[in-house]
Amino acid sequence: LEPSVEVPDAIAMYHPDDQPRILEALDRVGRDGVGFEMTARMTRAGDGSDRIMRFHGEAERDPAGEIRAVFGVIRDITEEHL
């Protein structure tokens, strides 16, 4: 799968230390169809503060089993860690 234009922009919003793990998980799900769950820090553009985000990603397959898309859910869990 080719990443959409939005992927690099979205990855840039995350803490630099967490970006390699996010890219690895996205690559794995797009290449192998292996879903993932992880936590990473997102840096707010406005004030530079970090938020803690929980990710869940899955591959979408066509009837032949080929991966056609990757979708996921991102949830802000910062308040749970205070």
# chains A, B, ... in the order shown; residues from 1 in each chain; ligands from 1

$ residues_around --residues "segment 27-31 of chain A" --least-positions-apart "5" --cutoff "12 Å" --atoms "only C-alpha atoms" --output "ChimeraX atom specification"
/A:1-4,7,20-22,36-37,56-61,66-72

$ residues_around --residues "Ala12 of chain A" --least-positions-apart "2" --cutoff "12 Å" --atoms "only C-alpha atoms" --output "mmCIF file with C-alpha atoms, in the first residue's frame"
data_model
loop_
_atom_site.group_PDB
_atom_site.id
_atom_site.type_symbol
_atom_site.label_atom_id
_atom_site.label_comp_id
_atom_site.auth_asym_id
_atom_site.auth_seq_id
_atom_site.Cartn_x
_atom_site.Cartn_y
_atom_site.Cartn_z
ATOM 1 C CA GLU A 6 -1.868 12.753 4.985
ATOM 2 C CA VAL A 7 0.296 10.102 6.696
ATOM 3 C CA PRO A 8 3.556 12.119 6.848
ATOM 4 C CA ASP A 9 1.665 15.186 8.062
ATOM 5 C CA ALA A 10 -0.117 13.151 10.726
ATOM 6 C CA TYR A 14 3.562 13.083 17.276
ATOM 7 C CA HIS A 15 6.483 13.369 19.650
ATOM 8 C CA PRO A 16 9.740 12.740 17.721
ATOM 9 C CA ASP A 17 10.682 9.876 20.065
ATOM 10 C CA ASP A 18 7.399 8.072 19.240
ATOM 11 C CA GLN A 19 7.365 8.599 15.466
ATOM 12 C CA PRO A 20 9.536 5.551 14.560
ATOM 13 C CA ILE A 22 4.159 4.661 14.757
ATOM 14 C CA LEU A 23 5.732 4.370 11.314
ATOM 15 C CA ARG A 41 2.476 11.253 22.642
ATOM 16 C CA MET A 42 0.998 13.877 20.329
ATOM 17 C CA THR A 43 2.470 17.365 20.526
ATOM 18 C CA ARG A 44 -0.078 20.162 20.240
ATOM 19 C CA ALA A 45 0.834 22.729 17.617
#

$ closest_residue --among "A:Met38, A:Phe55, A:Asp32, A:Glu24" --to "Val73 of chain A" --atoms "only C-alpha atoms"
A:Phe55

$ select_by_dssp --residues "segment 25-62 of chain A" --states "strand (DSSP E or B)" --output "number ranges by chain"
A: 36-43, 50-61

$ atom_distance --atom1 "atom CA of Ile74 of chain A" --atom2 "atom CA of Asp50 of chain A"
14.8 Å

$ atom_distance --atom1 "atom CA of His81 of chain A" --atom2 "atom CA of Met13 of chain A"
20.0 Å

$ select_by_dssp --residues "chain A" --states "alpha helix (DSSP H)" --output "list in words"
Glu6, Val7, Pro8, Asp9, Ala10, Ile11, Gln19, Pro20, Arg21, Ile22, Leu23, Glu24, Ala25, Leu26, Asp27, Arg28, Val29, Gly30, Arg31 and Asp32 of chain A

$ write_last_selection --atoms "N, CA and C atoms" --output "CSV table (one decimal), in the first residue's frame"
chain,number,residue,atom,x,y,z
A,6,GLU,N,-1.6,12.4,3.6
A,6,GLU,CA,-1.9,12.8,5.0
A,6,GLU,C,-1.0,12.0,6.0
A,7,VAL,N,-0.5,10.9,5.7
A,7,VAL,CA,0.3,10.1,6.7
A,7,VAL,C,1.5,10.9,7.2
A,8,PRO,N,2.4,11.4,6.3
A,8,PRO,CA,3.6,12.1,6.8
A,8,PRO,C,3.2,13.3,7.7
A,9,ASP,N,2.1,14.0,7.3
A,9,ASP,CA,1.7,15.2,8.1
A,9,ASP,C,1.1,14.8,9.4
A,10,ALA,N,0.4,13.7,9.5
A,10,ALA,CA,-0.1,13.2,10.7
A,10,ALA,C,1.0,12.7,11.6
A,11,ILE,N,2.0,12.0,11.1
A,11,ILE,CA,3.1,11.5,11.9
A,11,ILE,C,3.9,12.6,12.5
A,19,GLN,N,7.6,8.7,16.9
A,19,GLN,CA,7.4,8.6,15.5
A,19,GLN,C,7.9,7.3,14.8
A,20,PRO,N,9.1,6.8,15.2
A,20,PRO,CA,9.5,5.6,14.6
A,20,PRO,C,8.6,4.4,14.9
A,21,ARG,N,8.1,4.3,16.1
A,21,ARG,CA,7.2,3.2,16.5
A,21,ARG,C,5.9,3.3,15.7
A,22,ILE,N,5.4,4.5,15.5
A,22,ILE,CA,4.2,4.7,14.8
A,22,ILE,C,4.4,4.2,13.3
A,23,LEU,N,5.5,4.7,12.7
A,23,LEU,CA,5.7,4.4,11.3
A,23,LEU,C,5.9,2.9,11.1
A,24,GLU,N,6.6,2.2,12.1
A,24,GLU,CA,6.8,0.8,12.0
A,24,GLU,C,5.4,0.0,12.1
A,25,ALA,N,4.6,0.5,13.0
A,25,ALA,CA,3.2,-0.2,13.1
A,25,ALA,C,2.4,0.0,11.8
A,26,LEU,N,2.4,1.2,11.3
A,26,LEU,CA,1.7,1.5,10.1
A,26,LEU,C,2.2,0.7,8.9
A,27,ASP,N,3.5,0.6,8.8
A,27,ASP,CA,4.2,-0.2,7.8
A,27,ASP,C,3.8,-1.7,7.9
A,28,ARG,N,3.8,-2.2,9.1
A,28,ARG,CA,3.5,-3.6,9.3
A,28,ARG,C,2.1,-3.9,9.0
A,29,VAL,N,1.1,-3.1,9.4
A,29,VAL,CA,-0.3,-3.3,9.1
A,29,VAL,C,-0.5,-3.2,7.6
A,30,GLY,N,0.1,-2.2,6.9
A,30,GLY,CA,-0.1,-2.1,5.5
A,30,GLY,C,0.5,-3.2,4.7
A,31,ARG,N,1.6,-3.7,5.2
A,31,ARG,CA,2.4,-4.8,4.4
A,31,ARG,C,1.9,-6.2,4.8
A,32,ASP,N,1.7,-6.4,6.1
A,32,ASP,CA,1.4,-7.8,6.5
A,32,ASP,C,0.0,-8.0,7.0

$ decode --residues "segment 27-56 of chain A" --atoms "N, CA and C atoms" --output "PDB file, in the first residue's frame"
ATOM      1  N   ASP A  27       3.548   0.586   8.817  1.00  0.00           N
ATOM      2  CA  ASP A  27       4.165  -0.195   7.750  1.00  0.00           C
ATOM      3  C   ASP A  27       3.773  -1.665   7.872  1.00  0.00           C
ATOM      4  N   ARG A  28       3.833  -2.203   9.076  1.00  0.00           N
ATOM      5  CA  ARG A  28       3.515  -3.616   9.300  1.00  0.00           C
ATOM      6  C   ARG A  28       2.058  -3.924   8.961  1.00  0.00           C
ATOM      7  N   VAL A  29       1.134  -3.061   9.385  1.00  0.00           N
ATOM      8  CA  VAL A  29      -0.277  -3.330   9.093  1.00  0.00           C
ATOM      9  C   VAL A  29      -0.548  -3.202   7.596  1.00  0.00           C
ATOM     10  N   GLY A  30       0.097  -2.240   6.936  1.00  0.00           N
ATOM     11  CA  GLY A  30      -0.108  -2.084   5.495  1.00  0.00           C
ATOM     12  C   GLY A  30       0.545  -3.170   4.661  1.00  0.00           C
ATOM     13  N   ARG A  31       1.643  -3.720   5.158  1.00  0.00           N
ATOM     14  CA  ARG A  31       2.381  -4.756   4.432  1.00  0.00           C
ATOM     15  C   ARG A  31       1.871  -6.156   4.754  1.00  0.00           C
ATOM     16  N   ASP A  32       1.681  -6.440   6.053  1.00  0.00           N
ATOM     17  CA  ASP A  32       1.376  -7.801   6.503  1.00  0.00           C
ATOM     18  C   ASP A  32      -0.045  -7.986   7.022  1.00  0.00           C
ATOM     19  N   GLY A  33      -0.765  -6.886   7.211  1.00  0.00           N
ATOM     20  CA  GLY A  33      -2.121  -6.993   7.720  1.00  0.00           C
ATOM     21  C   GLY A  33      -2.195  -7.223   9.222  1.00  0.00           C
ATOM     22  N   VAL A  34      -1.084  -7.017   9.914  1.00  0.00           N
ATOM     23  CA  VAL A  34      -1.034  -7.230  11.361  1.00  0.00           C
ATOM     24  C   VAL A  34      -1.569  -5.976  12.059  1.00  0.00           C
ATOM     25  N   GLY A  35      -2.679  -6.124  12.781  1.00  0.00           N
ATOM     26  CA  GLY A  35      -3.248  -5.001  13.513  1.00  0.00           C
ATOM     27  C   GLY A  35      -2.353  -4.591  14.666  1.00  0.00           C
ATOM     28  N   PHE A  36      -2.621  -3.425  15.238  1.00  0.00           N
ATOM     29  CA  PHE A  36      -1.802  -2.961  16.338  1.00  0.00           C
ATOM     30  C   PHE A  36      -2.604  -2.123  17.320  1.00  0.00           C
ATOM     31  N   GLU A  37      -2.100  -2.070  18.536  1.00  0.00           N
ATOM     32  CA  GLU A  37      -2.554  -1.137  19.566  1.00  0.00           C
ATOM     33  C   GLU A  37      -1.307  -0.569  20.199  1.00  0.00           C
ATOM     34  N   MET A  38      -1.288   0.727  20.416  1.00  0.00           N
ATOM     35  CA  MET A  38      -0.127   1.363  21.021  1.00  0.00           C
ATOM     36  C   MET A  38      -0.506   2.703  21.626  1.00  0.00           C
ATOM     37  N   THR A  39       0.376   3.207  22.450  1.00  0.00           N
ATOM     38  CA  THR A  39       0.219   4.521  23.052  1.00  0.00           C
ATOM     39  C   THR A  39       1.382   5.382  22.592  1.00  0.00           C
ATOM     40  N   ALA A  40       1.104   6.641  22.260  1.00  0.00           N
ATOM     41  CA  ALA A  40       2.142   7.576  21.840  1.00  0.00           C
ATOM     42  C   ALA A  40       1.738   8.989  22.255  1.00  0.00           C
ATOM     43  N   ARG A  41       2.724   9.859  22.272  1.00  0.00           N
ATOM     44  CA  ARG A  41       2.476  11.253  22.642  1.00  0.00           C
ATOM     45  C   ARG A  41       2.296  12.118  21.402  1.00  0.00           C
ATOM     46  N   MET A  42       1.243  12.917  21.398  1.00  0.00           N
ATOM     47  CA  MET A  42       0.998  13.877  20.329  1.00  0.00           C
ATOM     48  C   MET A  42       1.333  15.258  20.873  1.00  0.00           C
ATOM     49  N   THR A  43       2.091  16.030  20.108  1.00  0.00           N
ATOM     50  CA  THR A  43       2.470  17.365  20.526  1.00  0.00           C
ATOM     51  C   THR A  43       1.508  18.364  19.892  1.00  0.00           C
ATOM     52  N   ARG A  44       0.861  19.151  20.739  1.00  0.00           N
ATOM     53  CA  ARG A  44      -0.078  20.162  20.240  1.00  0.00           C
ATOM     54  C   ARG A  44       0.684  21.285  19.539  1.00  0.00           C
ATOM     55  N   ALA A  45       0.189  21.670  18.383  1.00  0.00           N
ATOM     56  CA  ALA A  45       0.834  22.729  17.617  1.00  0.00           C
ATOM     57  C   ALA A  45       0.726  24.079  18.333  1.00  0.00           C
ATOM     58  N   GLY A  46      -0.402  24.351  18.942  1.00  0.00           N
ATOM     59  CA  GLY A  46      -0.632  25.659  19.544  1.00  0.00           C
ATOM     60  C   GLY A  46       0.260  25.982  20.724  1.00  0.00           C
ATOM     61  N   ASP A  47       0.336  25.061  21.685  1.00  0.00           N
ATOM     62  CA  ASP A  47       1.104  25.365  22.897  1.00  0.00           C
ATOM     63  C   ASP A  47       2.283  24.428  23.136  1.00  0.00           C
ATOM     64  N   GLY A  48       2.490  23.452  22.261  1.00  0.00           N
ATOM     65  CA  GLY A  48       3.625  22.545  22.399  1.00  0.00           C
ATOM     66  C   GLY A  48       3.468  21.493  23.480  1.00  0.00           C
ATOM     67  N   SER A  49       2.298  21.429  24.109  1.00  0.00           N
ATOM     68  CA  SER A  49       2.097  20.440  25.171  1.00  0.00           C
ATOM     69  C   SER A  49       1.874  19.059  24.554  1.00  0.00           C
ATOM     70  N   ASP A  50       2.209  18.025  25.319  1.00  0.00           N
ATOM     71  CA  ASP A  50       2.015  16.652  24.859  1.00  0.00           C
ATOM     72  C   ASP A  50       0.708  16.086  25.391  1.00  0.00           C
ATOM     73  N   ARG A  51       0.036  15.335  24.537  1.00  0.00           N
ATOM     74  CA  ARG A  51      -1.163  14.584  24.900  1.00  0.00           C
ATOM     75  C   ARG A  51      -0.827  13.117  24.721  1.00  0.00           C
ATOM     76  N   ILE A  52      -1.429  12.250  25.502  1.00  0.00           N
ATOM     77  CA  ILE A  52      -1.198  10.816  25.378  1.00  0.00           C
ATOM     78  C   ILE A  52      -2.348  10.228  24.577  1.00  0.00           C
ATOM     79  N   MET A  53      -1.990   9.572  23.475  1.00  0.00           N
ATOM     80  CA  MET A  53      -2.975   9.039  22.552  1.00  0.00           C
ATOM     81  C   MET A  53      -2.872   7.522  22.506  1.00  0.00           C
ATOM     82  N   ARG A  54      -4.030   6.865  22.400  1.00  0.00           N
ATOM     83  CA  ARG A  54      -4.096   5.403  22.266  1.00  0.00           C
ATOM     84  C   ARG A  54      -4.559   5.094  20.855  1.00  0.00           C
ATOM     85  N   PHE A  55      -3.828   4.242  20.145  1.00  0.00           N
ATOM     86  CA  PHE A  55      -4.123   3.878  18.766  1.00  0.00           C
ATOM     87  C   PHE A  55      -4.582   2.437  18.669  1.00  0.00           C
ATOM     88  N   HIS A  56      -5.458   2.203  17.730  1.00  0.00           N
ATOM     89  CA  HIS A  56      -5.826   0.837  17.331  1.00  0.00           C
ATOM     90  C   HIS A  56      -5.938   0.887  15.816  1.00  0.00           C
TER      91      HIS A  56
END
